[in-house]
$ cat start29.txt   # compact mmCIF, C-alpha atoms and all ligand atoms
# COMPACT_ATOMS: atom_id res chain seq x y z
CA MET A 1 19.41 35.69 -58.96
CA THR A 2 19.14 36.89 -55.34
CA SER A 3 19.57 34.80 -52.19
CA SER A 4 15.89 35.39 -51.26
CA LYS A 5 14.95 32.57 -53.65
CA VAL A 6 17.40 30.16 -52.12
CA LEU A 7 16.12 30.56 -48.58
CA PRO A 8 12.58 29.19 -49.07
CA LEU A 9 14.05 26.19 -50.86
CA LEU A 10 16.36 25.44 -47.95
CA LEU A 11 13.47 25.71 -45.49
CA LEU A 12 11.47 23.27 -47.55
CA LEU A 13 14.29 20.78 -47.45
CA LEU A 14 14.69 21.08 -43.69
CA LEU A 15 11.05 21.02 -42.63
CA PRO A 16 10.03 17.52 -43.69
CA SER A 17 12.65 15.74 -41.58
CA ALA A 18 11.49 17.65 -38.45
CA ALA A 19 7.86 16.88 -39.25
CA LEU A 20 8.55 13.18 -39.74
CA ALA A 21 9.35 12.30 -36.12
CA ALA A 22 6.90 9.70 -34.85
CA SER A 23 4.63 10.85 -32.06
CA ILE A 24 2.46 9.08 -29.51
CA SER A 25 -0.33 10.31 -27.27
CA ALA A 26 -2.34 8.76 -24.47
CA THR A 27 -5.87 9.76 -23.41
CA PRO A 28 -7.20 10.34 -20.83
CA LEU A 29 -4.21 11.57 -18.79
CA ILE A 30 -6.05 10.90 -15.55
CA LEU A 31 -7.92 7.62 -15.19
CA THR A 32 -10.78 7.22 -12.76
CA LYS A 33 -12.31 4.22 -11.04
CA SER A 34 -15.13 4.22 -13.58
CA SER A 35 -12.92 4.83 -16.63
CA ARG A 36 -9.80 2.67 -16.60
CA GLU A 37 -9.25 2.30 -20.35
CA ILE A 38 -6.42 4.20 -21.98
CA THR A 39 -6.28 4.94 -25.72
CA ILE A 40 -2.84 5.19 -27.26
CA LYS A 41 -2.58 6.93 -30.64
CA TRP A 42 0.49 7.22 -32.79
CA THR A 43 1.31 8.91 -36.08
CA ARG A 44 4.13 9.35 -38.59
CA ILE A 45 5.89 6.03 -38.18
CA GLU A 46 8.11 5.73 -41.23
CA SER A 47 8.05 2.43 -43.20
CA PRO A 48 5.89 0.67 -40.59
CA SER A 49 6.82 -2.92 -39.81
CA ASP A 50 4.84 -5.69 -38.14
CA LEU A 51 7.53 -5.82 -35.45
CA ASP A 52 6.92 -2.21 -34.33
CA TRP A 53 5.64 -2.39 -30.79
CA LEU A 54 4.20 -0.44 -27.89
CA GLY A 55 5.77 -0.82 -24.44
CA ILE A 56 3.75 -0.30 -21.26
CA TYR A 57 5.76 1.20 -18.37
CA SER A 58 4.84 1.63 -14.71
CA PRO A 59 6.28 3.55 -12.95
CA SER A 60 6.74 5.98 -15.84
CA ASN A 61 10.47 6.47 -15.20
CA SER A 62 11.34 2.76 -15.72
CA PRO A 63 14.26 2.01 -18.05
CA ASP A 64 13.33 0.99 -21.62
CA ASP A 65 13.92 -2.74 -21.03
CA HIS A 66 11.66 -2.78 -17.92
CA PHE A 67 8.34 -2.73 -19.78
CA ILE A 68 5.58 -4.52 -17.86
CA GLY A 69 3.71 -5.44 -21.03
CA TYR A 70 3.72 -4.85 -24.76
CA ARG A 71 1.51 -4.92 -27.85
CA PHE A 72 2.49 -5.09 -31.50
CA LEU A 73 1.21 -2.02 -33.34
CA ASN A 74 -0.33 -4.34 -35.92
CA GLY A 75 -3.13 -4.79 -33.36
CA SER A 76 -4.49 -1.62 -34.98
CA ASP A 77 -6.15 -2.06 -38.41
CA THR A 78 -4.39 1.00 -39.84
CA TRP A 79 -0.86 0.17 -38.61
CA HIS A 80 0.54 -0.09 -42.16
CA THR A 81 -0.22 3.65 -42.72
CA GLY A 82 2.15 4.57 -39.87
CA SER A 83 -0.73 5.78 -37.70
CA GLY A 84 -3.14 3.92 -35.49
CA SER A 85 -4.56 3.46 -32.04
CA ILE A 86 -4.88 0.76 -29.43
CA SER A 87 -7.01 0.79 -26.27
CA ILE A 88 -5.84 -1.03 -23.18
CA PRO A 89 -7.50 -1.49 -19.78
CA LEU A 90 -5.13 -0.39 -17.00
CA VAL A 91 -4.89 -1.55 -13.41
CA ASN A 92 -4.43 1.00 -10.65
CA THR A 93 -0.99 -0.03 -9.37
CA ARG A 94 -0.71 3.27 -7.43
CA SER A 95 2.14 4.17 -9.82
CA ASP A 96 1.96 6.28 -12.95
CA TYR A 97 2.24 4.86 -16.48
CA GLN A 98 4.02 5.77 -19.69
CA PHE A 99 3.83 4.31 -23.20
CA ARG A 100 6.72 4.09 -25.66
CA ILE A 101 6.96 2.96 -29.27
CA PHE A 102 9.93 0.98 -30.54
CA ARG A 103 11.17 -0.39 -33.81
CA TRP A 104 12.45 -3.95 -33.63
CA THR A 105 14.14 -5.53 -36.61
CA ARG A 106 14.15 -9.19 -37.67
CA ASP A 107 17.91 -9.48 -37.26
CA GLU A 108 17.57 -8.35 -33.63
CA VAL A 109 15.15 -11.12 -32.66
CA ASN A 110 16.89 -13.21 -30.00
CA TYR A 111 15.16 -16.50 -29.18
CA ARG A 112 17.32 -17.00 -26.08
CA HIS A 113 15.98 -13.78 -24.56
CA HIS A 114 12.36 -14.81 -24.13
CA ASP A 115 9.44 -14.51 -21.74
CA HIS A 116 7.71 -17.35 -19.85
CA ASP A 117 5.66 -18.22 -22.95
CA HIS A 118 8.92 -18.59 -24.97
CA ASN A 119 8.14 -15.57 -27.12
CA PRO A 120 11.30 -13.56 -27.81
CA LEU A 121 11.31 -10.31 -25.82
CA PRO A 122 11.05 -7.27 -28.10
CA GLY A 123 14.21 -5.21 -28.48
CA THR A 124 14.45 -1.68 -27.10
CA ARG A 125 17.37 -0.38 -29.14
CA HIS A 126 15.31 1.93 -31.38
CA ARG A 127 12.89 4.06 -29.40
CA LEU A 128 10.66 6.10 -31.73
CA ALA A 129 8.48 8.04 -29.28
CA GLY A 130 7.29 8.27 -25.67
CA SER A 131 3.93 9.49 -24.35
CA THR A 132 3.23 11.88 -21.50
CA THR A 133 2.57 10.16 -18.19
CA VAL A 134 -0.82 8.89 -17.14
CA ARG A 135 -2.06 8.37 -13.61
CA PHE A 136 -5.06 7.29 -11.62
CA GLU A 137 -7.19 9.77 -9.69
CA ASN A 138 -7.18 8.93 -5.95
CA ALA A 139 -4.70 6.16 -6.67
CA GLU A 140 -4.32 5.32 -2.96
CA GLY A 141 -7.86 3.98 -2.99
CA PRO A 142 -9.91 2.36 -1.67
CA ASP A 143 -9.96 0.39 -4.93
CA GLN A 144 -10.37 -3.14 -6.34
CA VAL A 145 -13.59 -3.84 -4.48
CA HIS A 146 -14.55 -7.50 -4.44
CA LEU A 147 -17.70 -9.02 -3.05
CA ALA A 148 -18.28 -12.62 -2.08
CA PHE A 149 -20.90 -14.74 -0.43
CA THR A 150 -20.20 -16.47 2.84
CA ASP A 151 -21.90 -19.67 3.99
CA ARG A 152 -24.76 -17.64 5.51
CA VAL A 153 -27.60 -15.98 3.57
CA ASP A 154 -27.49 -12.91 5.83
CA GLU A 155 -23.79 -12.18 5.27
CA MET A 156 -21.56 -10.75 2.52
CA ARG A 157 -17.82 -10.36 2.41
CA VAL A 158 -16.23 -7.12 1.10
CA MET A 159 -12.58 -6.88 0.16
CA PHE A 160 -10.70 -3.83 -1.11
CA VAL A 161 -7.20 -2.41 -1.38
CA THR A 162 -5.68 0.83 -0.09
CA GLY A 163 -2.24 2.28 -0.73
CA LYS A 164 -1.56 3.16 2.90
CA ARG A 165 -2.14 1.25 6.08
CA SER A 166 -5.12 2.92 7.71
CA ASP A 167 -7.87 1.99 10.11
CA ALA A 168 -10.57 0.96 7.75
CA GLY A 169 -13.97 -0.58 7.78
CA VAL A 170 -17.22 -0.96 5.96
CA GLU A 171 -20.34 0.98 6.85
CA TYR A 172 -23.61 -0.48 5.63
CA GLY A 173 -27.36 -0.17 5.87
CA LEU A 174 -30.58 -0.15 3.86
CA ASP A 175 -31.09 3.61 3.86
CA PRO A 176 -28.97 5.80 1.51
CA SER A 177 -28.45 8.26 4.39
CA LEU A 178 -27.19 5.27 6.36
CA VAL A 179 -29.80 5.72 9.11
CA GLY A 180 -29.50 2.69 11.34
CA ARG A 181 -26.14 1.88 9.80
CA ARG A 182 -23.74 -0.71 11.06
CA VAL A 183 -19.96 -0.61 10.84
CA VAL A 184 -17.64 -3.56 10.65
CA ALA A 185 -13.87 -3.17 10.94
CA THR A 186 -11.77 -4.86 8.27
CA THR A 187 -8.73 -7.00 8.88
CA VAL A 188 -5.69 -5.81 6.92
CA THR A 189 -3.06 -8.01 5.30
CA ARG A 190 -0.34 -7.60 2.70
CA TYR A 191 2.52 -9.62 1.28
CA GLU A 192 6.11 -8.75 0.49
CA ARG A 193 8.52 -9.36 -2.37
CA SER A 194 10.32 -12.02 -0.30
CA ASP A 195 7.02 -13.97 -0.11
CA MET A 196 7.06 -14.52 -3.89
CA CYS A 197 8.42 -17.92 -4.82
CA ASP A 198 10.10 -17.22 -8.16
CA SER A 199 11.31 -14.67 -10.66
CA PRO A 200 10.12 -12.31 -12.09
CA ALA A 201 7.62 -11.80 -9.21
CA ASN A 202 10.41 -11.76 -6.61
CA SER A 203 12.68 -9.44 -8.61
CA SER A 204 12.69 -5.66 -8.55
CA LEU A 205 11.36 -5.62 -12.12
CA GLY A 206 8.48 -8.09 -11.66
CA TRP A 207 7.48 -7.14 -8.14
CA ARG A 208 4.37 -5.01 -7.70
CA ASP A 209 3.50 -3.70 -4.26
CA PRO A 210 0.02 -5.10 -3.51
CA GLY A 211 -0.93 -2.29 -1.08
CA PHE A 212 -3.01 -3.16 1.97
CA ILE A 213 -5.74 -5.72 1.49
CA HIS A 214 -8.87 -5.18 3.58
CA ASP A 215 -11.37 -7.90 4.39
CA GLY A 216 -14.64 -7.46 6.26
CA VAL A 217 -17.86 -9.46 6.60
CA MET A 218 -21.19 -7.64 6.79
CA THR A 219 -23.59 -9.54 9.00
CA GLY A 220 -27.29 -9.41 9.88
CA LEU A 221 -28.37 -8.55 6.29
CA ASP A 222 -31.94 -8.80 5.06
CA PRO A 223 -31.97 -11.10 2.01
CA GLY A 224 -33.44 -9.51 -1.15
CA LYS A 225 -32.97 -5.88 0.01
CA ARG A 226 -30.79 -3.31 -1.68
CA LEU A 227 -27.82 -2.47 0.50
CA VAL A 228 -25.86 0.78 0.71
CA VAL A 229 -22.21 0.23 1.51
CA MET A 230 -19.48 2.80 2.23
CA LEU A 231 -15.85 1.88 2.30
CA LEU A 232 -14.14 3.66 5.17
CA ALA A 233 -10.44 4.19 4.70
CA GLY A 234 -9.19 7.58 5.79
CA VAL A 235 -12.13 9.26 4.08
CA ARG A 236 -15.60 7.92 3.45
CA SER A 237 -15.79 6.79 -0.16
CA THR A 238 -18.76 7.01 -2.49
CA ALA A 239 -21.62 4.68 -1.82
CA LEU A 240 -21.96 1.34 -3.54
CA TYR A 241 -25.47 0.02 -4.04
CA LEU A 242 -25.56 -3.74 -3.80
CA PRO A 243 -28.35 -6.23 -4.05
CA THR A 244 -28.08 -8.74 -1.22
CA GLN A 245 -28.28 -12.44 -1.95
C1 LIG B 301 1.68 -8.82 -35.66
O1 LIG B 301 3.08 -9.05 -35.79
C2 LIG B 301 3.58 -10.09 -34.97
C3 LIG B 301 5.09 -10.09 -35.08
O2 LIG B 301 5.50 -10.22 -36.41
C4 LIG B 301 2.94 -11.40 -35.38
O3 LIG B 301 3.41 -12.44 -34.53
C5 LIG B 301 1.42 -11.28 -35.26
O4 LIG B 301 0.81 -12.45 -35.74
C6 LIG B 301 0.92 -10.08 -36.03
N1 LIG B 301 -0.51 -9.88 -35.71
C7 LIG B 301 -1.40 -9.53 -36.62
C8 LIG B 301 -2.79 -9.31 -36.12
O5 LIG B 301 -1.13 -9.40 -37.79
C1 LIG B 302 13.55 -15.60 -6.63
O1 LIG B 302 13.18 -16.93 -6.44
C2 LIG B 302 14.09 -17.88 -6.99
C3 LIG B 302 13.49 -19.26 -6.80
O2 LIG B 302 13.18 -19.48 -5.45
C4 LIG B 302 15.46 -17.72 -6.31
O3 LIG B 302 16.38 -18.64 -6.89
C5 LIG B 302 15.95 -16.30 -6.50
O4 LIG B 302 17.16 -16.11 -5.80
C6 LIG B 302 14.91 -15.29 -6.01
N1 LIG B 302 15.33 -13.94 -6.34
C7 LIG B 302 15.39 -12.95 -5.45
C8 LIG B 302 15.81 -11.64 -5.97
O5 LIG B 302 15.10 -13.11 -4.26

$ encode --input "start29.txt" --output "structure tokens"
Amino acid sequence: MTSSKVLPLLLLLLLPSAALAASISATPLILTKSSREITIKWTRIESPSDLDWLGIYSPSNSPDDHFIGYRFLNGSDTWHTGSGSISIPLVNTRSDYQFRIFRWTRDEVNYRHHDHDHNPLPGTRHRLAGSTTVRFENAEGPDQVHLAFTDRVDEMRVMFVTGKRSDAGVEYGLDPSLVGRRVVATTVTRYERSDMCDSPANSSLGWRDPGFIHDGVMTGLDPGKRLVVMLLAGVRSTALYLPTQ
């Protein structure tokens, strides 16, 4: 008997434990304004349990117990095989994201450590895997465009958010080349952590910087005509085509 027969056996014994580590992936790695849904896939979770959960982190370097949201892995039909996937819509918070998978055991459930809905907060003692980071393209915006009517049929209000304070406005007209365009400046507001009235919104964990909120009213519109609108904030953004009221 030579040692050459022993070696392959040893390798076989060692390999499975390395291959068994749970893994998690997130796609796409860069989200865009038109594609804000992330798909999280995981594999090789050993003896899956209905308490296994996925933590959502933003910024990506947050400590384990600072998750901003979570989902139980049993939200995926195949969770009991140890593999599965969940898709989640993400908000552009101008910070990157990371996703981590944890095991939580029944004896660790602590009903005194709960969220505002009185659900016990999942435990972070057993981290199984962490994803690569995910971010938004052009995260500083303009983003989160909202439109509203005013009291006049020839007006529309446009609101949007930017990451930096900048002179901004809205350029609009009927022609896609913006011949005969008009420009209206936007007023800019924001709020601070100290303006929040209670925890967790006023704490470092719950506080999200809202960015700079722009508000402008387009006037002198022709009802029933398609309108071309450009958001102006540092650079001219892509055109939005809006029907007027
Ligand atoms: C998933 O597990 C959690 C925690 O045990 C449970 O509250 C929830 O009802 C389960 N959901 C599904 C879809 O089975
Ligand atoms: C958050 O608001 C609560 C209620 O007003 C207050 O008691 C607490 O001190 C605030 N926390 C911070 C960090 O300002």

$ residues_around --input "start29.txt" --residues "Tyr191 of chain A" --least-positions-apart "5" --cutoff "10 Å" --atoms "all atoms listed in the file" --output "number ranges by chain"
A: 196, 209-213

$ closest_residue --input "start29.txt" --among "A:Asp77, A:Leu51, A:Glu140, A:Thr133" --to "Glu108 of chain A" --atoms "all atoms listed in the file"
A:Leu51

$ residues_near_ligand --input "start29.txt" --ligand "ligand LIG 302 (chain B)" --cutoff "12 Å" --atoms "all atoms listed in the file" --output "PDB file with C-alpha atoms, in the coordinates of the input"
ATOM      1  CA  GLU A 192       6.110  -8.750   0.490  1.00  0.00           C
ATOM      2  CA  ARG A 193       8.520  -9.360  -2.370  1.00  0.00           C
ATOM      3  CA  SER A 194      10.320 -12.020  -0.300  1.00  0.00           C
ATOM      4  CA  ASP A 195       7.020 -13.970  -0.110  1.00  0.00           C
ATOM      5  CA  MET A 196       7.060 -14.520  -3.890  1.00  0.00           C
ATOM      6  CA  CYS A 197       8.420 -17.920  -4.820  1.00  0.00           C
ATOM      7  CA  ASP A 198      10.100 -17.220  -8.160  1.00  0.00           C
ATOM      8  CA  SER A 199      11.310 -14.670 -10.660  1.00  0.00           C
ATOM      9  CA  PRO A 200      10.120 -12.310 -12.090  1.00  0.00           C
ATOM     10  CA  ALA A 201       7.620 -11.800  -9.210  1.00  0.00           C
ATOM     11  CA  ASN A 202      10.410 -11.760  -6.610  1.00  0.00           C
ATOM     12  CA  SER A 203      12.680  -9.440  -8.610  1.00  0.00           C
ATOM     13  CA  SER A 204      12.690  -5.660  -8.550  1.00  0.00           C
ATOM     14  CA  LEU A 205      11.360  -5.620 -12.120  1.00  0.00           C
ATOM     15  CA  GLY A 206       8.480  -8.090 -11.660  1.00  0.00           C
ATOM     16  CA  TRP A 207       7.480  -7.140  -8.140  1.00  0.00           C
TER      17      TRP A 207
END

$ closest_residue --input "start29.txt" --among "A:Glu137, A:Glu37, A:Glu46, A:Asp52" --to "ligand LIG 301 (chain B)" --atoms "all atoms listed in the file"
A:Asp52

$ closest_residue --input "start29.txt" --among "A:Tyr111, A:Phe160, A:Trp53, A:Tyr97" --to "Leu147 of chain A" --atoms "only C-alpha atoms"
A:Phe160

$ atom_distance --input "start29.txt" --atom1 "atom CA of Val217 of chain A" --atom2 "atom CA of Ser95 of chain A"
29.2 Å

$ closest_residue --input "start29.txt" --among "A:Asp115, A:Asp50, A:Asp167, A:Asp151" --to "Asp215 of chain A" --atoms "only C-alpha atoms"
A:Asp167

$ residues_near_point --input "start29.txt" --point "(5.3, 3.1, -30.5)" --cutoff "7 Å" --atoms "all atoms listed in the file" --output "mmCIF file with C-alpha atoms, keeping the file's coordinate frame"
data_model
loop_
_atom_site.group_PDB
_atom_site.id
_atom_site.type_symbol
_atom_site.label_atom_id
_atom_site.label_comp_id
_atom_site.auth_asym_id
_atom_site.auth_seq_id
_atom_site.Cartn_x
_atom_site.Cartn_y
_atom_site.Cartn_z
ATOM 1 C CA ILE A 24 2.460 9.080 -29.510
ATOM 2 C CA TRP A 42 0.490 7.220 -32.790
ATOM 3 C CA ASP A 52 6.920 -2.210 -34.330
ATOM 4 C CA TRP A 53 5.640 -2.390 -30.790
ATOM 5 C CA LEU A 54 4.200 -0.440 -27.890
ATOM 6 C CA ARG A 100 6.720 4.090 -25.660
ATOM 7 C CA ILE A 101 6.960 2.960 -29.270
ATOM 8 C CA PHE A 102 9.930 0.980 -30.540
ATOM 9 C CA LEU A 128 10.660 6.100 -31.730
ATOM 10 C CA ALA A 129 8.480 8.040 -29.280
#

$ residues_near_ligand --input "start29.txt" --ligand "ligand LIG 301 (chain B)" --cutoff "12 Å" --atoms "all atoms listed in the file" --output "PyMOL selection string"
chain A and resi 48-54+70-80+103-106+109+119-122

$ closest_residue --input "start29.txt" --among "A:Thr219, A:Gln98, A:Leu90, A:Gly180" --to "Gly130 of chain A" --atoms "all atoms listed in the file"
A:Gln98

$ atom_distance --input "start29.txt" --atom1 "atom CA of Arg135 of chain A" --atom2 "atom CA of Thr39 of chain A"
13.3 Å

$ atom_distance --input "start29.txt" --atom1 "atom CA of Ala139 of chain A" --atom2 "atom CA of Tyr172 of chain A"
23.5 Å

$ closest_residue --input "start29.txt" --among "A:Ser47, A:Thr93, A:Ser177, A:Ser34" --to "Met230 of chain A" --atoms "all atoms listed in the file"
A:Ser177

$ residues_near_point --input "start29.txt" --point "(5.7, -11.6, -19.1)" --cutoff "8 Å" --atoms "all atoms listed in the file" --output "PyMOL selection string"
chain A and resi 68-69+115-117

$ residues_around --input "start29.txt" --residues "Val145 of chain A" --least-positions-apart "5" --cutoff "8 Å" --atoms "only C-alpha atoms" --output "list in words"
Val158, Met159, Phe160 and Val161 of chain A

$ residues_around --input "start29.txt" --residues "Ile40 of chain A" --least-positions-apart "2" --cutoff "10 Å" --atoms "all atoms listed in the file" --output "PDB file with C-alpha atoms, keeping the file's coordinate frame"
ATOM      1  CA  ILE A  24       2.460   9.080 -29.510  1.00  0.00           C
ATOM      2  CA  SER A  25      -0.330  10.310 -27.270  1.00  0.00           C
ATOM      3  CA  ALA A  26      -2.340   8.760 -24.470  1.00  0.00           C
ATOM      4  CA  THR A  27      -5.870   9.760 -23.410  1.00  0.00           C
ATOM      5  CA  PRO A  28      -7.200  10.340 -20.830  1.00  0.00           C
ATOM      6  CA  GLU A  37      -9.250   2.300 -20.350  1.00  0.00           C
ATOM      7  CA  ILE A  38      -6.420   4.200 -21.980  1.00  0.00           C
ATOM      8  CA  TRP A  42       0.490   7.220 -32.790  1.00  0.00           C
ATOM      9  CA  LEU A  54       4.200  -0.440 -27.890  1.00  0.00           C
ATOM     10  CA  GLY A  84      -3.140   3.920 -35.490  1.00  0.00           C
ATOM     11  CA  SER A  85      -4.560   3.460 -32.040  1.00  0.00           C
ATOM     12  CA  ILE A  86      -4.880   0.760 -29.430  1.00  0.00           C
ATOM     13  CA  SER A  87      -7.010   0.790 -26.270  1.00  0.00           C
ATOM     14  CA  ILE A  88      -5.840  -1.030 -23.180  1.00  0.00           C
ATOM     15  CA  PHE A  99       3.830   4.310 -23.200  1.00  0.00           C
ATOM     16  CA  ARG A 100       6.720   4.090 -25.660  1.00  0.00           C
ATOM     17  CA  SER A 131       3.930   9.490 -24.350  1.00  0.00           C
TER      18      SER A 131
END
